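Listing of query-v6.tsv, TSV, C-alpha atoms and all ligand atoms
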```
chain	number	residue	atom	x	y	z
A	1	MET	CA	-26.76	-21.98	-37.03
A	2	ARG	CA	-30.47	-22.27	-37.70
A	3	ILE	CA	-32.90	-19.78	-36.16
A	4	ASP	CA	-36.67	-20.34	-36.24
A	5	ILE	CA	-38.90	-17.42	-35.31
A	6	LEU	CA	-42.56	-17.90	-34.46
A	7	THR	CA	-44.64	-14.75	-34.73
A	8	ILE	CA	-48.02	-13.46	-35.85
A	9	PHE	CA	-46.17	-10.67	-37.78
A	10	PRO	CA	-43.52	-12.38	-39.94
A	11	ASP	CA	-43.39	-9.42	-42.33
A	12	MET	CA	-41.99	-7.18	-39.59
A	13	PHE	CA	-38.66	-9.00	-39.94
A	14	ARG	CA	-38.11	-8.49	-43.65
A	15	GLY	CA	-36.40	-5.09	-43.54
A	16	PRO	CA	-33.91	-5.63	-40.69
A	17	PHE	CA	-32.89	-9.12	-41.82
A	18	ASP	CA	-32.43	-8.04	-45.44
A	19	GLU	CA	-29.63	-5.61	-44.66
A	20	SER	CA	-26.12	-5.48	-43.36
A	21	ILE	CA	-24.38	-8.12	-41.28
A	22	VAL	CA	-27.38	-10.39	-40.81
A	23	LYS	CA	-27.96	-10.50	-44.56
A	24	ARG	CA	-24.28	-11.18	-45.23
A	25	ALA	CA	-24.28	-14.03	-42.71
A	26	VAL	CA	-27.41	-15.53	-44.29
A	27	ASP	CA	-26.01	-15.14	-47.82
A	28	GLY	CA	-22.73	-16.68	-46.68
A	29	GLY	CA	-24.51	-19.72	-45.27
A	30	LEU	CA	-23.41	-19.03	-41.66
A	31	VAL	CA	-27.00	-18.82	-40.44
A	32	SER	CA	-30.43	-19.62	-41.83
A	33	ILE	CA	-33.44	-17.76	-40.49
A	34	HIS	CA	-36.91	-19.29	-40.83
A	35	LEU	CA	-40.01	-17.22	-40.12
A	36	HIS	CA	-43.24	-19.01	-39.18
A	37	ASP	CA	-46.66	-17.41	-38.93
A	38	ILE	CA	-48.27	-18.77	-35.75
A	39	ARG	CA	-51.67	-18.12	-37.31
A	40	GLN	CA	-51.06	-21.05	-39.66
A	41	TRP	CA	-51.62	-23.38	-36.71
A	42	ALA	CA	-54.91	-21.78	-35.62
A	43	LYS	CA	-57.66	-24.36	-35.49
A	44	ASP	CA	-60.75	-22.40	-36.58
A	45	ARG	CA	-61.63	-20.67	-39.80
A	46	HIS	CA	-61.20	-17.23	-38.22
A	47	LYS	CA	-57.56	-18.19	-37.50
A	48	THR	CA	-57.91	-17.24	-33.83
A	49	VAL	CA	-54.60	-17.07	-31.92
A	50	ASP	CA	-55.75	-15.30	-28.76
A	51	ASP	CA	-58.60	-15.38	-26.27
A	52	TYR	CA	-59.95	-13.61	-23.16
A	53	PRO	CA	-58.07	-14.11	-19.91
A	54	PHE	CA	-59.71	-16.35	-17.29
A	55	GLY	CA	-60.62	-14.27	-14.27
A	56	GLY	CA	-61.10	-11.17	-16.40
A	57	GLY	CA	-58.85	-8.19	-16.97
A	58	PRO	CA	-57.66	-6.18	-19.93
A	59	GLY	CA	-56.09	-7.55	-23.09
A	60	MET	CA	-55.99	-10.92	-24.73
A	61	VAL	CA	-53.83	-13.97	-24.13
A	62	MET	CA	-52.20	-16.11	-26.81
A	63	LYS	CA	-53.75	-19.57	-26.86
A	64	PRO	CA	-51.58	-22.45	-25.61
A	65	ASP	CA	-52.97	-25.04	-28.06
A	66	VAL	CA	-52.01	-22.92	-31.07
A	67	VAL	CA	-48.59	-21.91	-29.73
A	68	PHE	CA	-47.70	-25.50	-28.71
A	69	ALA	CA	-48.82	-26.85	-32.09
A	70	ALA	CA	-46.76	-24.25	-33.96
A	71	THR	CA	-43.63	-24.76	-31.85
A	72	GLU	CA	-43.77	-28.55	-31.82
A	73	SER	CA	-44.23	-28.62	-35.56
A	74	VAL	CA	-41.24	-26.34	-36.08
A	75	LEU	CA	-39.11	-28.33	-33.63
A	76	ASP	CA	-40.06	-31.45	-35.55
A	77	LEU	CA	-40.14	-33.17	-32.14
A	78	ALA	CA	-36.38	-33.59	-32.18
A	79	PRO	CA	-35.31	-36.04	-29.44
A	80	GLN	CA	-32.98	-33.57	-27.85
A	81	ARG	CA	-34.69	-30.47	-26.61
A	82	GLU	CA	-33.47	-27.36	-28.38
A	83	PRO	CA	-33.55	-23.88	-26.80
A	84	VAL	CA	-37.02	-22.36	-27.09
A	85	ILE	CA	-36.65	-18.73	-26.11
A	86	LEU	CA	-39.67	-16.71	-25.23
A	87	LEU	CA	-39.28	-12.95	-25.70
A	88	THR	CA	-41.04	-11.21	-22.84
A	89	PRO	CA	-40.46	-8.11	-20.69
A	90	ALA	CA	-40.63	-10.51	-17.71
A	91	GLY	CA	-37.58	-12.47	-18.92
A	92	ARG	CA	-33.98	-12.18	-17.73
A	93	ARG	CA	-32.36	-9.12	-19.22
A	94	LEU	CA	-30.24	-9.71	-22.31
A	95	ALA	CA	-26.55	-8.81	-21.93
A	96	HIS	CA	-23.25	-9.62	-23.62
A	97	ASP	CA	-22.57	-12.92	-21.80
A	98	THR	CA	-25.97	-14.35	-22.75
A	99	VAL	CA	-25.48	-13.26	-26.37
A	100	VAL	CA	-22.14	-15.13	-26.50
A	101	ASP	CA	-23.72	-18.24	-24.93
A	102	LEU	CA	-26.64	-18.19	-27.36
A	103	ALA	CA	-24.26	-17.91	-30.32
A	104	ARG	CA	-22.82	-21.34	-29.41
A	105	ASN	CA	-26.11	-23.11	-30.23
A	106	GLU	CA	-26.65	-24.98	-33.46
A	107	ARG	CA	-30.29	-23.97	-33.34
A	108	LEU	CA	-32.51	-21.41	-31.63
A	109	VAL	CA	-36.29	-21.20	-31.61
A	110	LEU	CA	-37.68	-17.76	-30.75
A	111	LEU	CA	-41.26	-17.21	-29.66
A	112	CYS	CA	-42.63	-13.67	-30.05
A	113	GLY	CA	-45.59	-12.82	-27.85
A	114	HIS	CA	-48.31	-10.24	-28.40
A	115	TYR	CA	-51.39	-8.92	-26.64
A	116	GLU	CA	-51.02	-9.48	-22.89
A	117	GLY	CA	-48.65	-12.36	-23.56
A	118	PHE	CA	-48.79	-16.15	-23.64
A	119	ASP	CA	-50.91	-18.50	-21.61
A	120	ALA	CA	-48.77	-19.41	-18.56
A	121	ARG	CA	-48.50	-23.03	-19.73
A	122	VAL	CA	-46.34	-21.82	-22.62
A	123	HIS	CA	-43.95	-20.24	-20.10
A	124	GLU	CA	-43.94	-23.28	-17.85
A	125	HIS	CA	-43.90	-26.21	-20.24
A	126	LEU	CA	-42.67	-25.01	-23.62
A	127	ALA	CA	-40.10	-22.23	-23.16
A	128	THR	CA	-36.62	-23.22	-21.98
A	129	ASP	CA	-35.61	-19.61	-21.45
A	130	GLU	CA	-37.31	-16.20	-21.20
A	131	ILE	CA	-35.46	-13.10	-22.32
A	132	SER	CA	-36.16	-9.37	-22.15
A	133	ILE	CA	-34.11	-6.69	-23.91
A	134	GLY	CA	-34.57	-4.02	-21.24
A	135	ASP	CA	-36.77	-2.47	-18.62
A	136	TYR	CA	-39.53	-1.03	-20.77
A	137	VAL	CA	-42.50	-2.56	-22.55
A	138	LEU	CA	-42.65	-3.10	-26.32
A	139	SER	CA	-45.86	-3.86	-28.20
A	140	GLY	CA	-44.60	-7.33	-28.99
A	141	GLY	CA	-41.61	-9.65	-28.91
A	142	GLU	CA	-40.74	-9.09	-32.59
A	143	LEU	CA	-38.45	-6.08	-32.14
A	144	ALA	CA	-36.77	-7.84	-29.23
A	145	ALA	CA	-36.23	-10.97	-31.38
A	146	MET	CA	-34.61	-8.81	-34.07
A	147	VAL	CA	-32.28	-7.28	-31.49
A	148	LEU	CA	-31.36	-10.72	-30.16
A	149	VAL	CA	-30.74	-12.18	-33.64
A	150	ASP	CA	-28.58	-9.23	-34.69
A	151	ALA	CA	-26.50	-9.43	-31.50
A	152	VAL	CA	-26.11	-13.23	-31.73
A	153	VAL	CA	-25.24	-13.35	-35.44
A	154	ARG	CA	-22.31	-10.97	-34.86
A	155	HIS	CA	-20.74	-13.69	-32.71
A	156	ILE	CA	-20.92	-16.48	-35.26
A	157	PRO	CA	-17.36	-17.01	-36.51
A	158	GLY	CA	-16.98	-15.35	-39.90
A	159	ALA	CA	-19.99	-13.03	-39.59
A	160	LEU	CA	-17.91	-9.90	-39.08
A	161	GLY	CA	-15.36	-8.57	-41.55
A	162	SER	CA	-12.49	-8.90	-39.12
A	163	PRO	CA	-12.24	-11.66	-36.46
A	164	GLN	CA	-10.94	-9.04	-34.04
A	165	SER	CA	-14.04	-6.88	-34.22
A	166	ALA	CA	-16.34	-8.88	-31.95
A	167	ALA	CA	-13.59	-9.34	-29.37
A	168	GLU	CA	-12.76	-5.63	-29.28
A	169	GLU	CA	-16.28	-4.27	-29.17
A	170	SER	CA	-17.90	-2.64	-26.22
A	171	PHE	CA	-18.67	-5.09	-23.41
A	172	ALA	CA	-16.40	-7.83	-24.77
A	173	GLY	CA	-13.75	-6.94	-22.20
A	174	GLY	CA	-16.36	-5.66	-19.78
A	175	LEU	CA	-15.62	-2.08	-20.86
A	176	LEU	CA	-17.18	0.43	-23.21
A	177	GLU	CA	-15.22	0.99	-26.40
A	178	ALA	CA	-12.73	3.82	-26.94
A	179	PRO	CA	-13.58	6.61	-29.39
A	180	HIS	CA	-12.59	6.13	-33.04
A	181	TYR	CA	-11.17	8.71	-35.42
A	182	THR	CA	-10.55	8.80	-39.16
A	183	ARG	CA	-9.21	11.34	-41.66
A	184	PRO	CA	-8.89	14.28	-41.75
A	185	PRO	CA	-6.55	14.57	-38.74
A	186	GLU	CA	-7.58	18.21	-38.34
A	187	PHE	CA	-11.29	18.98	-38.62
A	188	ARG	CA	-12.48	22.45	-37.65
A	189	ASP	CA	-10.72	23.07	-34.33
A	190	TRP	CA	-10.67	19.43	-33.31
A	191	SER	CA	-7.59	17.33	-33.88
A	192	VAL	CA	-7.10	13.58	-33.53
A	193	PRO	CA	-5.36	12.62	-30.26
A	194	GLU	CA	-1.57	12.56	-30.55
A	195	ALA	CA	-1.21	8.91	-29.50
A	196	LEU	CA	-3.35	7.64	-32.39
A	197	VAL	CA	-1.28	9.33	-35.08
A	198	SER	CA	2.06	8.46	-33.41
A	199	GLY	CA	2.48	5.22	-35.35
A	200	ASN	CA	3.58	3.59	-32.07
A	201	HIS	CA	1.42	0.49	-31.48
A	202	GLN	CA	2.15	0.33	-27.78
A	203	GLU	CA	1.26	3.97	-27.41
A	204	VAL	CA	-2.03	3.39	-29.29
A	205	ALA	CA	-2.93	0.33	-27.19
A	206	LYS	CA	-2.25	2.23	-23.95
A	207	TRP	CA	-4.32	5.21	-25.10
A	208	ARG	CA	-7.25	2.98	-26.08
A	209	ARG	CA	-7.19	1.02	-22.84
A	210	ARG	CA	-7.21	4.24	-20.83
A	211	GLN	CA	-10.02	5.74	-22.89
A	212	ASN	CA	-12.03	2.53	-22.43
A	213	LEU	CA	-11.56	2.85	-18.68
A	214	LEU	CA	-12.41	6.55	-18.62
A	215	LEU	CA	-15.57	6.23	-20.71
A	216	THR	CA	-16.72	3.28	-18.61
A	217	ALA	CA	-16.00	5.11	-15.34
A	218	ARG	CA	-18.02	8.09	-16.54
A	219	ARG	CA	-20.98	6.33	-18.12
A	220	ARG	CA	-21.15	2.89	-16.54
A	221	PRO	CA	-19.32	2.80	-13.21
A	222	ASP	CA	-21.28	-0.38	-12.43
A	223	LEU	CA	-19.23	-2.21	-15.10
A	224	LEU	CA	-15.90	-1.14	-13.57
A	225	ALA	CA	-16.66	-2.70	-10.21
A	226	SER	CA	-16.05	-6.26	-11.41
A	227	LEU	CA	-12.96	-5.51	-13.47
A	228	GLU	CA	-9.22	-5.90	-12.97
A	229	VAL	CA	-7.52	-2.54	-13.12
A	230	THR	CA	-3.83	-2.01	-12.37
A	231	ALA	CA	-2.74	0.40	-9.64
A	232	GLU	CA	-1.27	2.68	-12.30
A	233	GLU	CA	-4.52	2.72	-14.27
A	234	ARG	CA	-6.51	3.34	-11.13
A	235	GLU	CA	-4.34	6.32	-10.27
A	236	TRP	CA	-4.60	7.78	-13.76
A	237	LEU	CA	-8.36	7.27	-13.72
A	238	ALA	CA	-8.75	8.98	-10.33
A	239	LEU	CA	-6.78	11.94	-11.67
A	240	GLN	CA	-8.97	12.23	-14.77
A	241	MET	CA	-12.18	11.87	-12.82
A	242	GLY	CA	-11.03	14.54	-10.35
A	243	GLU	CA	-10.47	16.98	-13.19
A	244	GLN	CA	-14.01	16.80	-14.54
B	1	LIG	CL1	-38.70	-9.40	-25.14
B	1	LIG	N1	-41.02	-8.12	-25.26
B	1	LIG	C1	-41.79	-7.07	-25.04
B	1	LIG	N2	-43.07	-7.12	-25.40
B	1	LIG	N3	-41.38	-5.96	-24.43
B	1	LIG	C2	-40.10	-5.95	-24.05
B	1	LIG	C3	-39.22	-7.00	-24.27
B	1	LIG	C4	-39.72	-8.10	-24.88
B	1	LIG	N4	-38.01	-6.66	-23.77
B	1	LIG	C5	-38.15	-5.44	-23.28
B	1	LIG	N5	-39.40	-5.00	-23.44
```

Translate the structure described by the file into structure tokens.
Amino acid sequence: MRIDILTIFPDMFRGPFDESIVKRAVDGGLVSIHLHDIRQWAKDRHKTVDDYPFGGGPGMVMKPDVVFAATESVLDLAPQREPVILLTPAGRRLAHDTVVDLARNERLVLLCGHYEGFDARVHEHLATDEISIGDYVLSGGELAAMVLVDAVVRHIPGALGSPQSAAEESFAGGLLEAPHYTRPPEFRDWSVPEALVSGNHQEVAKWRRRQNLLLTARRRPDLLASLEVTAEEREWLALQMGEQ
């Protein structure tokens, strides 16, 4: 996969992309990440990328001529239109399903906005998708782009140590993930649940499934609504929830 990121702050990305799973995926040739400074495409000697909004109001708006020039140059005017994703708090909210879909692309182009945002013509005629990472406002699209890249890269085959990991993670089955334990089995007054140290795989699987259900019921009941739960599991869950 190739990811191109257009931003006026390319240096912001250096730390997060130089560590951990993203770095390993880049080093392993699974993904290449190309940062482009939008300012390079500014047309005047002051390298202006923003201007006052027509009709007045606070803040500045990123200029369409500069943003189109930058994006079209990076896209190399490929005949088939590749996804150009604009990061904006007004976009559709990023969630697991979208992350999995995005990971299937050969190429992604991410546009990070600043100031009051982009000229509306960028939204209408350049972006193919607009994505937000949650209901709050960030100072710019850069942190959101980092979140998106990290989440997407995890779903590129080979990016994680074990192929099972991505499938078993929270949200993959529509549930939050069960608690994990490691040695020592006894720590202070807290011991590891019996089922996990039983050595019985079926027992472990059943315990994990039930813990997934319980955690999801407690923290994110909205996720449970659209899930298939057996009558037995439902009964067990009702019992647990009643005992809170
Ligand atoms: Cl994608 N951009 C900005 N500026 N703020 C956000 C966001 C994006 N997602 C949530 N808040």

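If you count only C-alpha atoms and ignore residues fewer than 3 places along the chain from Ser73 of chain A, what sits within 12 Å of it is Asp4, Leu6, His36, Asp37, Ile38, Gln40, Trp41, Val66, Val67, Phe68, Ala69, Ala70, Asp76, Leu77, Ala78 and Val109 of chain A.
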
task = Dump the neighbourhood of ligand LIG 1 (chain B) as a ChimeraX atom specification: all residues within 10 Å, distances computed on only C-alpha atoms and all ligand atoms.
result = /A:85-94,111-117,130-148

As AutoDock Vina command-line options, please: the centre and edge lengths in Å, to one decimal, of an axis-aligned box enclosing every listed atom of segment 123-138 of chain A with 3 Å added on each side.
```
--center_x -39.0 --center_y -13.6 --center_z -22.1 --size_x 15.8 --size_y 31.2 --size_z 14.5
```

task = Could you check how far atom CA of Ile21 of chain A sits from atom CA of Ala159 of chain A, in Å to one decimal?
result =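 Taking atom CA of Ile21 of chain A and atom CA of Ala159 of chain A, their separation equals 6.8 Å.
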
message = Residues near Glu82 of chain A, anyone? I mean within 8 Å using only C-alpha atoms, not counting same-chain ones fewer than 5 positions away, as a VMD selection string.
response = chain A and resid 75 107 to 109

request  = Could you please determine the separation between atom CA of Leu126 of chain A and atom CA of Arg45 of chain A in Å, to one decimal place?
outcome  = 25.3 Å

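A straight line drawn from atom CA of Glu124 of chain A to atom CA of Thr71 of chain A is 14.1 Å long.
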
inquiry  = Nearest residue to Gly173 of chain A out of A:Val152, A:Val99, A:Leu110, A:Leu223, using all atoms listed in the file?
reply    =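 Answer, going by the shortest atom-to-atom distance: A:Leu223.
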
ask   = Given the choices A:Asp51, A:Glu72, A:Asp222, A:Asp11, which gets closest to Leu35 of chain A if the distance is worked out from all atoms listed in the file?
value = A:Asp11

inquiry  = Set the distance at 10 Å and use only C-alpha atoms: which residues neighbour Gln211 of chain A once local chain neighbours fewer than 2 positions away are removed? I'd like the list as a list in words.
reply    = Leu175, Leu176, Glu177, Ala178, Pro179, Ala205, Lys206, Trp207, Arg208, Arg209, Leu213, Leu214, Leu215, Thr216, Ala217 and Leu237 of chain A

inquiry  = Could you list, as a PyMOL selection string, every residue within 9 Å of Ile33 of chain A, counting only C-alpha atoms and ignoring same-chain residues fewer than 6 positions away?
reply    = chain A and resi 1-5+17+26

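Excluding Pro157 of chain A itself and same-chain residues fewer than 3 positions from it, the residues having an atom within 12 Å of it are Met1, Ala25, Gly28, Gly29, Leu30, Val31, Val100, Ala103, Arg104, Val152, Val153, Arg154, Leu160, Gly161, Ser162, Pro163, Gln164, Ser165, Ala166 and Ala167 of chain A, counting only C-alpha atoms.
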
key: Distance criterion (all atoms listed in the file): nearest to Thr128 of chain A out of A:Val74, A:Ala95, A:Phe171, A:Pro83   = A:Pro83

Could you add whatever atoms are missing so that segment 130-158 of chain A carries N, CA and C atoms, then write the result as an mmCIF file, in the coordinates of the input?
```cif
data_model
loop_
_atom_site.group_PDB
_atom_site.id
_atom_site.type_symbol
_atom_site.label_atom_id
_atom_site.label_comp_id
_atom_site.auth_asym_id
_atom_site.auth_seq_id
_atom_site.Cartn_x
_atom_site.Cartn_y
_atom_site.Cartn_z
ATOM 1 N N GLU A 130 -36.505 -17.394 -20.927
ATOM 2 C CA GLU A 130 -37.310 -16.200 -21.200
ATOM 3 C C GLU A 130 -36.377 -15.006 -21.155
ATOM 4 N N ILE A 131 -36.408 -14.208 -22.209
ATOM 5 C CA ILE A 131 -35.460 -13.100 -22.320
ATOM 6 C C ILE A 131 -36.184 -11.789 -22.598
ATOM 7 N N SER A 132 -35.680 -10.730 -21.946
ATOM 8 C CA SER A 132 -36.160 -9.370 -22.150
ATOM 9 C C SER A 132 -34.989 -8.563 -22.685
ATOM 10 N N ILE A 133 -35.245 -7.498 -23.448
ATOM 11 C CA ILE A 133 -34.110 -6.690 -23.910
ATOM 12 C C ILE A 133 -33.986 -5.384 -23.132
ATOM 13 N N GLY A 134 -34.740 -5.216 -22.063
ATOM 14 C CA GLY A 134 -34.570 -4.020 -21.240
ATOM 15 C C GLY A 134 -35.818 -3.712 -20.445
ATOM 16 N N ASP A 135 -35.674 -2.768 -19.540
ATOM 17 C CA ASP A 135 -36.770 -2.470 -18.620
ATOM 18 C C ASP A 135 -37.730 -1.427 -19.177
ATOM 19 N N TYR A 136 -38.477 -1.844 -20.167
ATOM 20 C CA TYR A 136 -39.530 -1.030 -20.770
ATOM 21 C C TYR A 136 -40.399 -2.016 -21.527
ATOM 22 N N VAL A 137 -41.602 -1.614 -21.889
ATOM 23 C CA VAL A 137 -42.500 -2.560 -22.550
ATOM 24 C C VAL A 137 -42.650 -2.224 -24.028
ATOM 25 N N LEU A 138 -42.433 -3.224 -24.879
ATOM 26 C CA LEU A 138 -42.650 -3.100 -26.320
ATOM 27 C C LEU A 138 -44.030 -3.693 -26.637
ATOM 28 N N SER A 139 -44.530 -3.357 -27.823
ATOM 29 C CA SER A 139 -45.860 -3.860 -28.200
ATOM 30 C C SER A 139 -45.856 -5.358 -28.486
ATOM 31 N N GLY A 140 -44.682 -5.899 -28.722
ATOM 32 C CA GLY A 140 -44.600 -7.330 -28.990
ATOM 33 C C GLY A 140 -43.166 -7.792 -28.935
ATOM 34 N N GLY A 141 -42.967 -9.106 -29.010
ATOM 35 C CA GLY A 141 -41.610 -9.650 -28.910
ATOM 36 C C GLY A 141 -40.800 -9.542 -30.194
ATOM 37 N N GLU A 142 -41.426 -9.087 -31.294
ATOM 38 C CA GLU A 142 -40.740 -9.090 -32.590
ATOM 39 C C GLU A 142 -39.485 -8.213 -32.592
ATOM 40 N N LEU A 143 -39.618 -6.961 -32.136
ATOM 41 C CA LEU A 143 -38.450 -6.080 -32.140
ATOM 42 C C LEU A 143 -37.349 -6.636 -31.245
ATOM 43 N N ALA A 144 -37.750 -7.240 -30.139
ATOM 44 C CA ALA A 144 -36.770 -7.840 -29.230
ATOM 45 C C ALA A 144 -36.074 -9.024 -29.913
ATOM 46 N N ALA A 145 -36.826 -9.829 -30.665
ATOM 47 C CA ALA A 145 -36.230 -10.970 -31.380
ATOM 48 C C ALA A 145 -35.224 -10.478 -32.416
ATOM 49 N N MET A 146 -35.538 -9.371 -33.086
ATOM 50 C CA MET A 146 -34.610 -8.810 -34.070
ATOM 51 C C MET A 146 -33.321 -8.371 -33.394
ATOM 52 N N VAL A 147 -33.461 -7.729 -32.245
ATOM 53 C CA VAL A 147 -32.280 -7.280 -31.490
ATOM 54 C C VAL A 147 -31.434 -8.489 -31.104
ATOM 55 N N LEU A 148 -32.077 -9.514 -30.591
ATOM 56 C CA LEU A 148 -31.360 -10.720 -30.160
ATOM 57 C C LEU A 148 -30.641 -11.377 -31.344
ATOM 58 N N VAL A 149 -31.337 -11.532 -32.458
ATOM 59 C CA VAL A 149 -30.740 -12.180 -33.640
ATOM 60 C C VAL A 149 -29.537 -11.374 -34.129
ATOM 61 N N ASP A 150 -29.692 -10.066 -34.217
ATOM 62 C CA ASP A 150 -28.580 -9.230 -34.690
ATOM 63 C C ASP A 150 -27.363 -9.399 -33.776
ATOM 64 N N ALA A 151 -27.601 -9.334 -32.470
ATOM 65 C CA ALA A 151 -26.500 -9.430 -31.500
ATOM 66 C C ALA A 151 -25.841 -10.810 -31.556
ATOM 67 N N VAL A 152 -26.640 -11.867 -31.704
ATOM 68 C CA VAL A 152 -26.110 -13.230 -31.730
ATOM 69 C C VAL A 152 -25.321 -13.493 -33.015
ATOM 70 N N VAL A 153 -25.879 -13.073 -34.148
ATOM 71 C CA VAL A 153 -25.240 -13.350 -35.440
ATOM 72 C C VAL A 153 -23.837 -12.752 -35.499
ATOM 73 N N ARG A 154 -23.635 -11.594 -34.883
ATOM 74 C CA ARG A 154 -22.310 -10.970 -34.860
ATOM 75 C C ARG A 154 -21.250 -11.862 -34.229
ATOM 76 N N HIS A 155 -21.692 -12.818 -33.406
ATOM 77 C CA HIS A 155 -20.740 -13.690 -32.710
ATOM 78 C C HIS A 155 -20.547 -15.035 -33.385
ATOM 79 N N ILE A 156 -21.180 -15.257 -34.508
ATOM 80 C CA ILE A 156 -20.920 -16.480 -35.260
ATOM 81 C C ILE A 156 -19.613 -16.273 -36.017
ATOM 82 N N PRO A 157 -18.652 -17.193 -35.846
ATOM 83 C CA PRO A 157 -17.360 -17.010 -36.510
ATOM 84 C C PRO A 157 -17.540 -16.756 -38.007
ATOM 85 N N GLY A 158 -16.903 -15.681 -38.482
ATOM 86 C CA GLY A 158 -16.980 -15.350 -39.900
ATOM 87 C C GLY A 158 -18.032 -14.305 -40.239
#
```
